Structures are given as C-alpha cells and as structure tokens.
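The file model26.txt comes next; it holds compact mmCIF, C-alpha atoms.
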# COMPACT_ATOMS: atom_id res chain seq x y z
CA MET D 1 109.20 -35.24 -87.34
CA SER D 2 108.52 -38.15 -85.00
CA ALA D 3 105.08 -39.65 -84.47
CA ILE D 4 105.00 -38.29 -80.90
CA ALA D 5 105.64 -34.75 -82.15
CA VAL D 6 102.90 -35.08 -84.77
CA LEU D 7 100.42 -36.30 -82.16
CA THR D 8 101.44 -33.46 -79.85
CA VAL D 9 100.76 -30.87 -82.58
CA ILE D 10 97.38 -32.45 -83.39
CA SER D 11 96.40 -32.52 -79.71
CA LEU D 12 97.42 -28.89 -79.29
CA ALA D 13 95.38 -27.86 -82.35
CA GLN D 14 92.35 -29.76 -81.08
CA GLY D 15 92.72 -28.10 -77.67
CA ILE D 16 92.88 -24.64 -79.22
CA PHE D 17 89.84 -25.42 -81.40
CA LEU D 18 87.88 -26.67 -78.36
CA CYS D 19 88.74 -23.53 -76.42
CA PHE D 20 87.61 -21.44 -79.38
CA ILE D 21 84.24 -23.25 -79.51
CA VAL D 22 83.72 -22.82 -75.76
CA ALA D 23 84.55 -19.11 -76.04
CA LEU D 24 82.05 -18.69 -78.88
CA LEU D 25 79.33 -20.43 -76.85
CA LEU D 26 80.01 -18.21 -73.86
CA ILE D 27 79.97 -15.06 -76.00
CA ASN D 28 76.71 -16.11 -77.65
CA ARG D 29 75.14 -16.89 -74.28
CA SER D 30 76.20 -13.49 -72.97
CA ARG D 31 74.86 -11.77 -76.08
CA LEU D 32 71.48 -13.54 -75.77
CA SER D 33 71.28 -12.68 -72.08
CA TRP D 34 72.09 -9.05 -72.83
CA GLY D 35 69.47 -9.04 -75.60
CA ARG D 36 66.80 -10.42 -73.27
CA ARG D 37 67.61 -7.79 -70.65
CA GLY D 38 67.49 -5.09 -73.32
CA ARG D 39 64.08 -6.27 -74.60
CA THR D 40 62.73 -6.48 -71.08
CA SER D 41 63.91 -2.93 -70.37
CA ALA D 42 62.42 -1.67 -73.64
CA ALA D 43 59.10 -3.39 -72.90
CA LEU D 44 58.95 -1.70 -69.51
CA THR D 45 59.68 1.67 -71.13
CA LEU D 46 56.71 1.22 -73.47
CA SER D 47 54.32 -0.45 -71.06
CA GLU D 48 52.85 2.52 -69.20
CA PRO D 49 52.49 5.01 -72.12
CA VAL D 50 50.91 2.32 -74.30
CA LYS D 51 48.51 1.23 -71.57
CA GLN D 52 47.42 4.81 -70.94
CA TRP D 53 46.92 5.38 -74.66
CA LEU D 54 44.92 2.20 -75.20
CA VAL D 55 42.47 3.04 -72.41
CA GLY D 56 42.07 6.61 -73.65
CA GLU D 57 43.91 8.30 -70.79
CA GLY D 58 47.08 9.14 -72.73
CA ASP D 59 47.91 10.45 -76.17
CA ALA D 60 49.86 9.22 -79.17
CA SER D 61 52.70 11.68 -78.64
CA ALA D 62 53.62 9.94 -75.37
CA VAL D 63 53.71 6.59 -77.18
CA ALA D 64 55.89 8.11 -79.91
CA ALA D 65 58.27 9.48 -77.27
CA ALA D 66 58.50 6.05 -75.61
CA LEU D 67 59.17 4.36 -78.94
CA ARG D 68 61.95 6.89 -79.56
CA ARG D 69 63.75 5.65 -76.43
CA VAL D 70 63.86 1.97 -77.43
CA PRO D 71 65.87 0.29 -80.22
CA ALA D 72 64.38 0.88 -83.67
CA ASP D 73 64.01 -2.84 -84.42
CA PHE D 74 62.09 -3.39 -81.19
CA ALA D 75 59.91 -0.33 -81.84
CA LEU D 76 59.06 -1.64 -85.32
CA GLU D 77 58.14 -5.08 -83.97
CA GLN D 78 55.89 -3.54 -81.33
CA LEU D 79 54.18 -1.32 -83.89
CA VAL D 80 53.65 -3.88 -86.63
CA GLY D 81 53.36 -6.94 -84.43
CA GLY D 82 50.31 -5.83 -82.52
CA LEU D 83 50.19 -2.27 -81.25
CA ALA D 84 48.69 -0.73 -84.40
CA SER D 85 46.26 -3.61 -84.90
CA ARG D 86 44.75 -3.30 -81.42
CA VAL D 87 43.19 0.12 -81.92
CA ALA D 88 40.50 1.67 -84.09
CA SER D 89 41.36 3.20 -87.43
CA ALA D 90 41.04 6.81 -86.21
CA THR D 91 43.27 6.13 -83.22
CA ARG D 92 45.83 4.42 -85.46
CA ASP D 93 45.85 7.48 -87.71
CA GLU D 94 46.58 9.64 -84.67
CA LEU D 95 49.60 7.44 -83.90
CA ALA D 96 50.75 7.61 -87.53
CA VAL D 97 50.76 11.42 -87.42
CA ALA D 98 52.72 11.41 -84.15
CA LEU D 99 55.31 9.00 -85.51
CA ARG D 100 55.71 10.12 -89.12
CA ASP D 101 58.45 12.71 -88.49
CA GLU D 102 60.35 10.74 -85.85
CA ARG D 103 64.02 10.39 -86.78
CA TRP D 104 64.09 6.58 -86.48
CA VAL D 105 60.97 6.34 -88.66
CA GLN D 106 62.48 8.58 -91.32
CA ARG D 107 65.69 6.56 -91.25
CA SER D 108 63.80 3.27 -91.65
CA LEU D 109 61.68 4.59 -94.53
CA ARG D 110 64.76 5.90 -96.36
CA ARG D 111 65.91 2.29 -96.52
CA SER D 112 63.04 1.44 -98.89
CA ARG D 113 65.62 1.55 -101.70
CA SER D 114 68.32 -0.36 -99.85
CA PRO D 115 70.11 -3.14 -101.79
CA VAL D 116 69.48 -5.35 -98.73
CA TRP D 117 66.02 -6.88 -98.99
CA TRP D 118 65.27 -7.11 -95.26
CA ARG D 119 65.79 -3.37 -94.89
CA ARG D 120 63.29 -2.79 -97.67
CA LEU D 121 61.00 -5.24 -95.84
CA SER D 122 61.25 -3.18 -92.64
CA ALA D 123 60.40 -0.03 -94.58
CA ALA D 124 57.38 -1.73 -96.15
CA ARG D 125 56.12 -2.99 -92.79
CA LEU D 126 56.54 0.44 -91.20
CA LEU D 127 54.79 2.16 -94.09
CA ALA D 128 51.64 0.16 -93.33
CA VAL D 129 51.47 1.97 -89.96
CA VAL D 130 52.75 5.48 -90.65
CA GLY D 131 52.17 5.92 -94.38
CA GLY D 132 50.23 8.87 -95.79
CA GLU D 133 49.29 10.30 -99.16
CA ARG D 134 52.81 11.61 -99.76
CA ASP D 135 54.14 8.03 -99.56
CA ARG D 136 52.25 6.58 -102.51
CA ALA D 137 55.27 6.75 -104.83
CA MET D 138 57.32 4.84 -102.25
CA LEU D 139 54.53 2.29 -101.89
CA ARG D 140 54.40 1.73 -105.64
CA GLU D 141 58.15 1.00 -105.65
CA LEU D 142 57.78 -1.46 -102.79
CA LEU D 143 54.85 -3.18 -104.46
CA ALA D 144 57.09 -3.64 -107.51
CA ASP D 145 59.99 -4.97 -105.41
CA ARG D 146 61.76 -8.06 -106.69
CA HIS D 147 61.43 -9.87 -103.34
CA PRO D 148 58.06 -11.56 -102.56
CA ALA D 149 58.29 -10.77 -98.82
CA VAL D 150 58.62 -7.07 -99.57
CA GLN D 151 55.71 -7.21 -102.01
CA THR D 152 53.54 -8.87 -99.36
CA ALA D 153 54.48 -6.39 -96.63
CA ALA D 154 53.84 -3.45 -98.96
CA THR D 155 50.39 -4.83 -99.82
CA ALA D 156 49.28 -4.21 -96.23
CA SER D 157 49.52 -0.47 -96.93
CA LEU D 158 46.83 -0.63 -99.61
CA ARG D 159 44.12 -0.50 -96.97
CA ARG D 160 45.39 2.93 -95.89
CA LEU D 161 46.80 4.39 -99.09
CA ALA D 162 44.98 2.78 -102.00
CA ASP D 163 43.84 5.01 -104.83
CA ALA D 164 42.77 4.17 -108.38
CA GLN D 165 46.33 4.34 -109.76
CA LEU D 166 47.74 2.00 -107.12
CA VAL D 167 44.89 -0.48 -107.51
CA GLU D 168 45.35 -0.49 -111.28
CA PHE D 169 49.05 -1.12 -110.82
CA VAL D 170 48.41 -4.08 -108.50
CA LEU D 171 45.75 -5.52 -110.82
CA ASP D 172 48.03 -5.40 -113.85
CA GLN D 173 50.92 -7.02 -111.95
CA LEU D 174 48.88 -9.84 -110.38
CA PRO D 175 49.72 -12.59 -112.94
CA ALA D 176 53.45 -12.04 -112.37
CA ARG D 177 53.18 -12.42 -108.60
CA PRO D 178 53.91 -15.66 -106.70
CA ILE D 179 50.77 -17.50 -105.60
CA ALA D 180 51.22 -16.61 -101.91
CA VAL D 181 51.63 -12.90 -102.69
CA ARG D 182 48.70 -13.00 -105.08
CA ARG D 183 46.38 -14.50 -102.48
CA TYR D 184 47.35 -11.80 -99.97
CA GLN D 185 46.79 -9.09 -102.57
CA PHE D 186 43.40 -10.60 -103.38
CA ALA D 187 42.38 -10.13 -99.74
CA GLU D 188 43.52 -6.51 -99.68
CA LEU D 189 41.88 -5.70 -103.01
CA LYS D 190 38.66 -7.23 -101.69
CA GLU D 191 38.84 -4.87 -98.70
CA SER D 192 39.11 -2.00 -101.20
CA TRP D 193 36.26 -3.37 -103.33
CA ARG D 194 34.73 0.04 -104.02
CA LEU D 195 37.90 0.99 -105.90
CA THR D 196 38.65 -2.48 -107.24
CA THR D 197 35.27 -3.46 -108.73
CA PRO D 198 34.94 -0.82 -111.50
CA LEU D 199 38.62 -1.19 -112.47
CA LEU D 200 38.27 -4.97 -112.59
CA LEU D 201 35.09 -4.76 -114.67
CA ARG D 202 37.00 -2.78 -117.29
CA ARG D 203 39.60 -5.54 -117.46
CA ILE D 204 37.41 -8.65 -117.57
CA THR D 205 36.77 -8.57 -121.30
CA ALA D 206 37.30 -11.02 -124.14
CA SER D 207 40.11 -8.86 -125.53
CA ALA D 208 42.29 -9.32 -122.42
CA GLY D 209 45.14 -11.83 -122.45
CA ALA D 210 44.27 -15.28 -121.15
CA GLU D 211 46.90 -15.22 -118.39
CA HIS D 212 45.59 -11.94 -116.99
CA LEU D 213 41.97 -12.90 -117.52
CA ALA D 214 42.23 -16.14 -115.53
CA VAL D 215 43.74 -14.28 -112.55
CA TRP D 216 41.23 -11.43 -112.73
CA ILE D 217 38.33 -13.90 -112.81
CA SER D 218 39.75 -15.55 -109.69
CA LEU D 219 39.79 -12.13 -108.03
CA ALA D 220 36.18 -11.58 -109.13
CA GLU D 221 35.34 -14.86 -107.40
CA GLU D 222 37.07 -13.63 -104.25
CA ILE D 223 35.13 -10.35 -104.25
CA GLY D 224 31.91 -12.14 -105.15
CA SER D 225 29.91 -9.18 -106.42
CA ALA D 226 26.99 -9.94 -108.75
CA GLU D 227 28.14 -7.49 -111.43
CA LEU D 228 31.58 -9.05 -111.65
CA LEU D 229 30.25 -12.61 -111.76
CA ALA D 230 27.67 -11.64 -114.39
CA ARG D 231 30.60 -10.48 -116.53
CA VAL D 232 32.34 -13.81 -115.94
CA VAL D 233 29.32 -15.64 -117.39
CA THR D 234 29.90 -13.90 -120.72
CA LEU D 235 33.41 -15.42 -120.90
CA HIS D 236 32.63 -19.02 -119.95
CA GLN D 237 33.27 -20.25 -123.50
CA HIS D 238 36.60 -18.45 -123.91
CA PRO D 239 39.04 -20.38 -126.16
CA ALA D 240 41.70 -20.60 -123.41
CA PRO D 241 41.15 -23.56 -121.01
CA SER D 242 42.65 -21.60 -118.09
CA VAL D 243 39.94 -18.95 -118.47
CA ARG D 244 37.15 -21.54 -118.69
CA ILE D 245 38.50 -23.28 -115.58
CA ALA D 246 38.59 -19.98 -113.67
CA ALA D 247 35.08 -19.12 -114.88
CA ALA D 248 33.65 -22.48 -113.83
CA ARG D 249 35.26 -22.13 -110.41
CA ALA D 250 34.00 -18.57 -109.95
CA LEU D 251 30.41 -19.26 -110.97
CA LYS D 252 29.80 -21.43 -107.93
CA ARG D 253 29.26 -18.12 -106.13
CA TYR D 254 26.71 -16.76 -108.60
CA TYR D 255 23.17 -17.91 -107.80
CA HIS D 256 21.53 -17.04 -111.09
CA PRO D 257 19.85 -19.00 -113.93
CA ASP D 258 22.51 -17.72 -116.35
CA SER D 259 25.18 -19.28 -114.16
CA VAL D 260 23.50 -22.69 -114.11
CA ALA D 261 23.05 -22.61 -117.88
CA ALA D 262 26.69 -21.67 -118.44
CA LEU D 263 27.90 -24.40 -116.10
CA GLY D 264 25.73 -26.92 -117.90
CA ARG D 265 27.58 -26.11 -121.11
CA LEU D 266 30.93 -26.28 -119.35
CA LEU D 267 30.01 -29.74 -118.05
CA ALA D 268 30.37 -30.91 -121.67
CA ASP D 269 33.69 -29.13 -122.24
CA ASP D 270 36.56 -30.89 -124.02
CA ASP D 271 38.89 -30.29 -121.07
CA TRP D 272 38.34 -32.60 -118.08
CA ARG D 273 39.53 -29.88 -115.68
CA VAL D 274 36.74 -27.58 -116.86
CA ARG D 275 34.15 -30.37 -116.57
CA GLY D 276 35.31 -31.13 -113.02
CA GLN D 277 35.06 -27.50 -111.92
CA ALA D 278 31.63 -27.18 -113.57
CA ALA D 279 30.33 -30.21 -111.68
CA ARG D 280 31.72 -28.84 -108.42
CA ALA D 281 30.05 -25.46 -109.01
CA LEU D 282 26.67 -27.03 -109.85
CA GLY D 283 26.81 -28.94 -106.57
CA ALA D 284 27.66 -25.78 -104.63
CA LEU D 285 24.70 -24.01 -106.25
CA GLY D 286 22.38 -26.94 -105.48
CA ALA D 287 21.27 -26.83 -109.13
CA SER D 288 18.45 -29.38 -109.26
CA ASP D 289 17.90 -28.52 -112.93
CA ALA D 290 21.33 -30.02 -113.67
CA VAL D 291 20.65 -33.45 -112.12
CA GLY D 292 20.34 -35.12 -115.52
CA ALA D 293 23.59 -33.62 -116.83
CA LEU D 294 25.40 -34.51 -113.61
CA GLY D 295 24.05 -38.06 -113.82
CA ARG D 296 25.62 -38.39 -117.26
CA ALA D 297 28.86 -36.87 -115.95
CA VAL D 298 29.18 -39.75 -113.44
CA PHE D 299 29.97 -41.89 -116.53
CA ASP D 300 32.76 -39.50 -117.63
CA GLU D 301 36.08 -41.02 -118.71
CA SER D 302 37.90 -38.87 -116.11
CA TRP D 303 37.88 -40.14 -112.52
CA TRP D 304 37.98 -36.55 -111.25
CA VAL D 305 34.87 -35.57 -113.19
CA ARG D 306 33.03 -38.67 -111.99
CA PHE D 307 34.02 -37.84 -108.41
CA ARG D 308 32.92 -34.21 -108.65
CA ALA D 309 29.67 -35.13 -110.37
CA GLY D 310 28.88 -37.74 -107.71
CA LEU D 311 29.51 -35.25 -104.90
CA ALA D 312 27.39 -32.64 -106.67
CA LEU D 313 24.47 -35.06 -106.96
CA ALA D 314 24.73 -35.85 -103.24
CA GLN D 315 24.78 -32.12 -102.43
CA ILE D 316 21.60 -31.48 -104.39
CA GLY D 317 19.63 -33.80 -102.14
CA GLU D 318 17.13 -36.56 -102.79
CA PRO D 319 16.80 -36.00 -106.57
CA GLY D 320 20.56 -36.36 -106.89
CA ARG D 321 20.79 -39.34 -104.53
CA ARG D 322 18.09 -41.09 -106.53
CA VAL D 323 20.27 -40.76 -109.62
CA LEU D 324 23.23 -42.18 -107.68
CA ARG D 325 21.16 -45.21 -106.70
CA GLU D 326 20.28 -45.76 -110.35
CA VAL D 327 23.91 -45.45 -111.39
CA ARG D 328 24.92 -48.15 -108.85
CA ASP D 329 22.89 -50.64 -110.86
CA ALA D 330 24.19 -49.45 -114.23
CA GLY D 331 26.47 -51.56 -116.35
CA ASP D 332 29.46 -49.24 -116.12
CA PRO D 333 31.69 -50.54 -113.25
CA PHE D 334 33.59 -47.26 -112.88
CA ALA D 335 30.43 -45.16 -112.58
CA ALA D 336 28.84 -47.74 -110.26
CA ASP D 337 31.90 -47.75 -107.97
CA MET D 338 31.83 -43.95 -107.78
CA ALA D 339 28.11 -43.91 -107.01
CA ARG D 340 28.54 -46.50 -104.23
CA MET D 341 31.46 -44.59 -102.72
CA VAL D 342 29.63 -41.26 -102.67
CA SER D 343 26.40 -42.81 -101.42
CA GLY D 344 28.28 -44.23 -98.45
CA LEU D 345 29.60 -40.86 -97.32
CA SER D 346 28.12 -38.97 -94.38
CA GLU D 347 26.65 -35.52 -94.87
CA GLY D 348 29.69 -33.98 -93.19
CA GLY D 349 32.03 -35.99 -95.40
CA ILE D 350 30.25 -34.82 -98.54
CA VAL D 351 30.50 -31.19 -97.46
CA GLU D 352 34.19 -31.54 -96.57
CA LEU D 353 35.12 -33.24 -99.84
CA ALA D 354 32.99 -30.91 -101.96
CA GLU D 355 34.64 -27.84 -100.47
CA GLY D 356 38.15 -29.30 -100.62

Please express what this file holds, its structure, as structure tokens.
Amino acid sequence: MSAIAVLTVISLAQGIFLCFIVALLLINRSRLSWGRRGRTSAALTLSEPVKQWLVGEGDASAVAAALRRVPADFALEQLVGGLASRVASATRDELAVALRDERWVQRSLRRSRSPVWWRRLSAARLLAVVGGERDRAMLRELLADRHPAVQTAATASLRRLADAQLVEFVLDQLPARPIAVRRYQFAELKESWRLTTPLLLRRITASAGAEHLAVWISLAEEIGSAELLARVVTLHQHPAPSVRIAAARALKRYYHPDSVAALGRLLADDDWRVRGQAARALGALGASDAVGALGRAVFDESWWVRFRAGLALAQIGEPGRRVLREVRDAGDPFAADMARMVSGLSEGGIVELAEG
C-alpha cells in the first residue's frame, strides 16, 4: 500500500472519530436539556401542593399524589433534600403515613438488599422519612451495610425508629465504623440520649475491651452527662493508653474535684499523648489547683506536652501567667521558649489554639 493510501485511510478514520465525538456531544447536550426540562416540569407539579401543605392549607395526601406523578429519583431528592426537614415532627409523621404505601416508595425500599450500593443508599435515605416500627429489621440491615455511605444514611433513621435493641447494636458496632460514620452516629446517639445513656453506662466498665472502651468514652464525652463522665473518672488509670487518652480528653467536660484529681495523675502518665490531653483538659476546666503541676509540665521532654501545659496556664488566668513569667527566666531553654511563645499570644489566639 502506498504512502498516499495509508494517509487517506488515517484521515478517513480521524474524520469518522471526530464525527463520532461531535455526535456524542450533541446527544449529551440534548439529554441534559431534556433532563432540565423534566426537572422543571416536576418542580412545577410539586410546587402548589407543597406550598399549600407547608402553610397548613393542604394535606399530606395531596403532596403524596404530586410526588407520585414525578420521577422517583426526583421525588426522593425533594423529600430527603429539604421537604421533610422543613416541617415539624408531627407534620412529617403525617407525610410518612401518606407516603408509606405508595408504589414508588415500596419499590425503592425493596431495593434495600440490592447488590448495587447506591440503590441501598436510596432505600436508607427514604427510610429516614417514611420509616415506621415495622421497618426496624430493615434498618438494622442497612446499619450493618458494608458501604459507609449506606451506614451513614441509615443512621438518620435512628431519630425516628431507635429502640433499645437498635441502640445496643449501633453501640457495639461503633469501633468497626469509619471515623466519619462514627462521628455521625455519635450525633444521632446523643439525640437519643435517654436510650443511649443507660446502655452506655453498662458498657463503660473495666472489663470491656480497650478498643470498644476508648470509643464509648469518646461518645460519653459527646453526650456530656455527669453520670457518664463520673464513670469515666473510675477508668482514668486503665492499662491501655488509648483508654487513658480518651478519658483525659473526655474529662475536660466534667467540672468536678474528682476530675481535676484524676487529670493531675494523668499529667504524670508515662505516655506523652496522655500527658498532653490531661494538660489540655486542666486548661479547659480552669483548674487553678493544678497550676503547680502544669508549671512542671512546661519542662516536659515532649514539645506537645510543653505546648499544652503552657496554653493551660494561660487559660487559668493570672496565677498561670505568673508561672509562665517565672519559667521564662528558668535555665531550661526549651521551657523558656515555650513560655515566651505562649505569653506573647492574644486571648483569642490562646482560645483558638487551646480548642484546636
């Protein structure tokens, strides 16, 4: 084959490929335009029934009928994305009853066991709006889902459907959850604190595994109840460093002499991470009785402990700042540098760094 023939074939192939790309772009543009028109039409269909319902002049059945006439994906986005969150709990329950037996709702919920994770995600999101007592088994399965996004979406249903069994299940699974999912579940368990607190108290004991105990203590910190934090005090000398770190962090929310005494002991811990958290907590508590111990901690071998101790002394006020001035003239250059740095911070800077 001659060179001219080869070039002709290549040019023809390039022309066909270019035409194919242009056709794809045109098809995609048409599809997006059609999608926008469809969403606009669906929004108009929902607009009036929703407005009437929100101002108390319509009922939930009219909203359910309007949602039935729009695509299921759009209906789900409208429900979860804002419609259900804009009304009071009783009104939302009325909408849940009106929607629960709708065909598109039933179809979406049946996908809670789909092998495709985003279908399970849609079922979990919808369950947070329409779920009832009969759906607790489904919720448990979704909470145990292997995909973090599904776990997070299912957690939103706890506020509506939580009972002791579900809360226990979530508590026992917390250490295995990704950090982002765990933080979201903390917030929901805090909302259900009346159920969570007694179940958590039964778990925060010395016999519990260290991995579980550290997470449960962090949840106790999030809830912040005095009875939970009093239990944490009893575990501040646990043999596992992770538990002592969690305890020191949690006790910054417990304004009690027992807390200050426990943190004073943790300030002498073998693990620098524990000492740093103890210093931070003593500063948050404004523990003037710990000024002497914090002054000694400014000479710690760990930079982080020196930093936290210096900030804590500044937070305590003039007694702490007096110790910082004394440390600036001490013979230890590392402690003196830390004292000078902290003393030069503004009040706002101290607060920002101490809470960071």

Problem - Shortest interatomic distance to Gln185 of chain D - which of D:Thr91, D:Ser242, D:Gln173, D:Ser114, counting only C-alpha atoms - result: D:Gln173

Proximity check segment 176-227 of chain D to segment 124-147 of chain D, 12 Å, nearest pairs one decimal Å, all atoms listed in the file, as a tab-separated table:
residue	atom	partner	partner_atom	distance
D:Ala176	CA	D:Ala144	CA	10.4
D:Arg177	CA	D:Ala144	CA	9.7
D:Pro178	CA	D:His147	CA	10.1
D:Val181	CA	D:His147	CA	10.3
D:Arg182	CA	D:Leu143	CA	11.6
D:Gln185	CA	D:Leu143	CA	10.2

Exercise for the section: Using only C-alpha atoms, give me every residue within 8 Å of (58.8, 9.1, -92.9) in file coordinates, as a list in words. Expected result: Arg100, Asp101, Glu102, Val105, Gln106, Arg107, Ser108, Leu109, Arg110, Val130 and Gly131 of chain D

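One distance worth recording is that between atom CA of Ser61 of chain D and atom CA of Leu161 of chain D, which is 22.5 Å.
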
Handout entry: Contact residues around segment 256-273 of chain D with all atoms listed in the file at 12 Å, ignoring same-chain residues under 5 positions, as a PyMOL selection string
Key = chain D and resi 226-227+229-251+278-298+300-309

Handout entry: Atomic distance atom CA of Thr155 of chain D - atom CA of Gly224 of chain D, expressed in Å with one decimal
Key =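 Atom-to-atom, atom CA of Thr155 of chain D and atom CA of Gly224 of chain D are spaced 20.6 Å apart.
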
Practice task
For atom CA of Leu219 of chain D and atom CA of Leu199 of chain D, quote the distance in Å rounded to one decimal.
Solution key: 11.9 Å

Exercise for the section: Give as a list in words the set of residues within 6 Å of the point (62.2, 7.3, -81.7), where distances use the file's coordinates and all atoms listed in the file. Expected result: Leu67, Arg68, Arg69, Glu102 and Trp104 of chain D
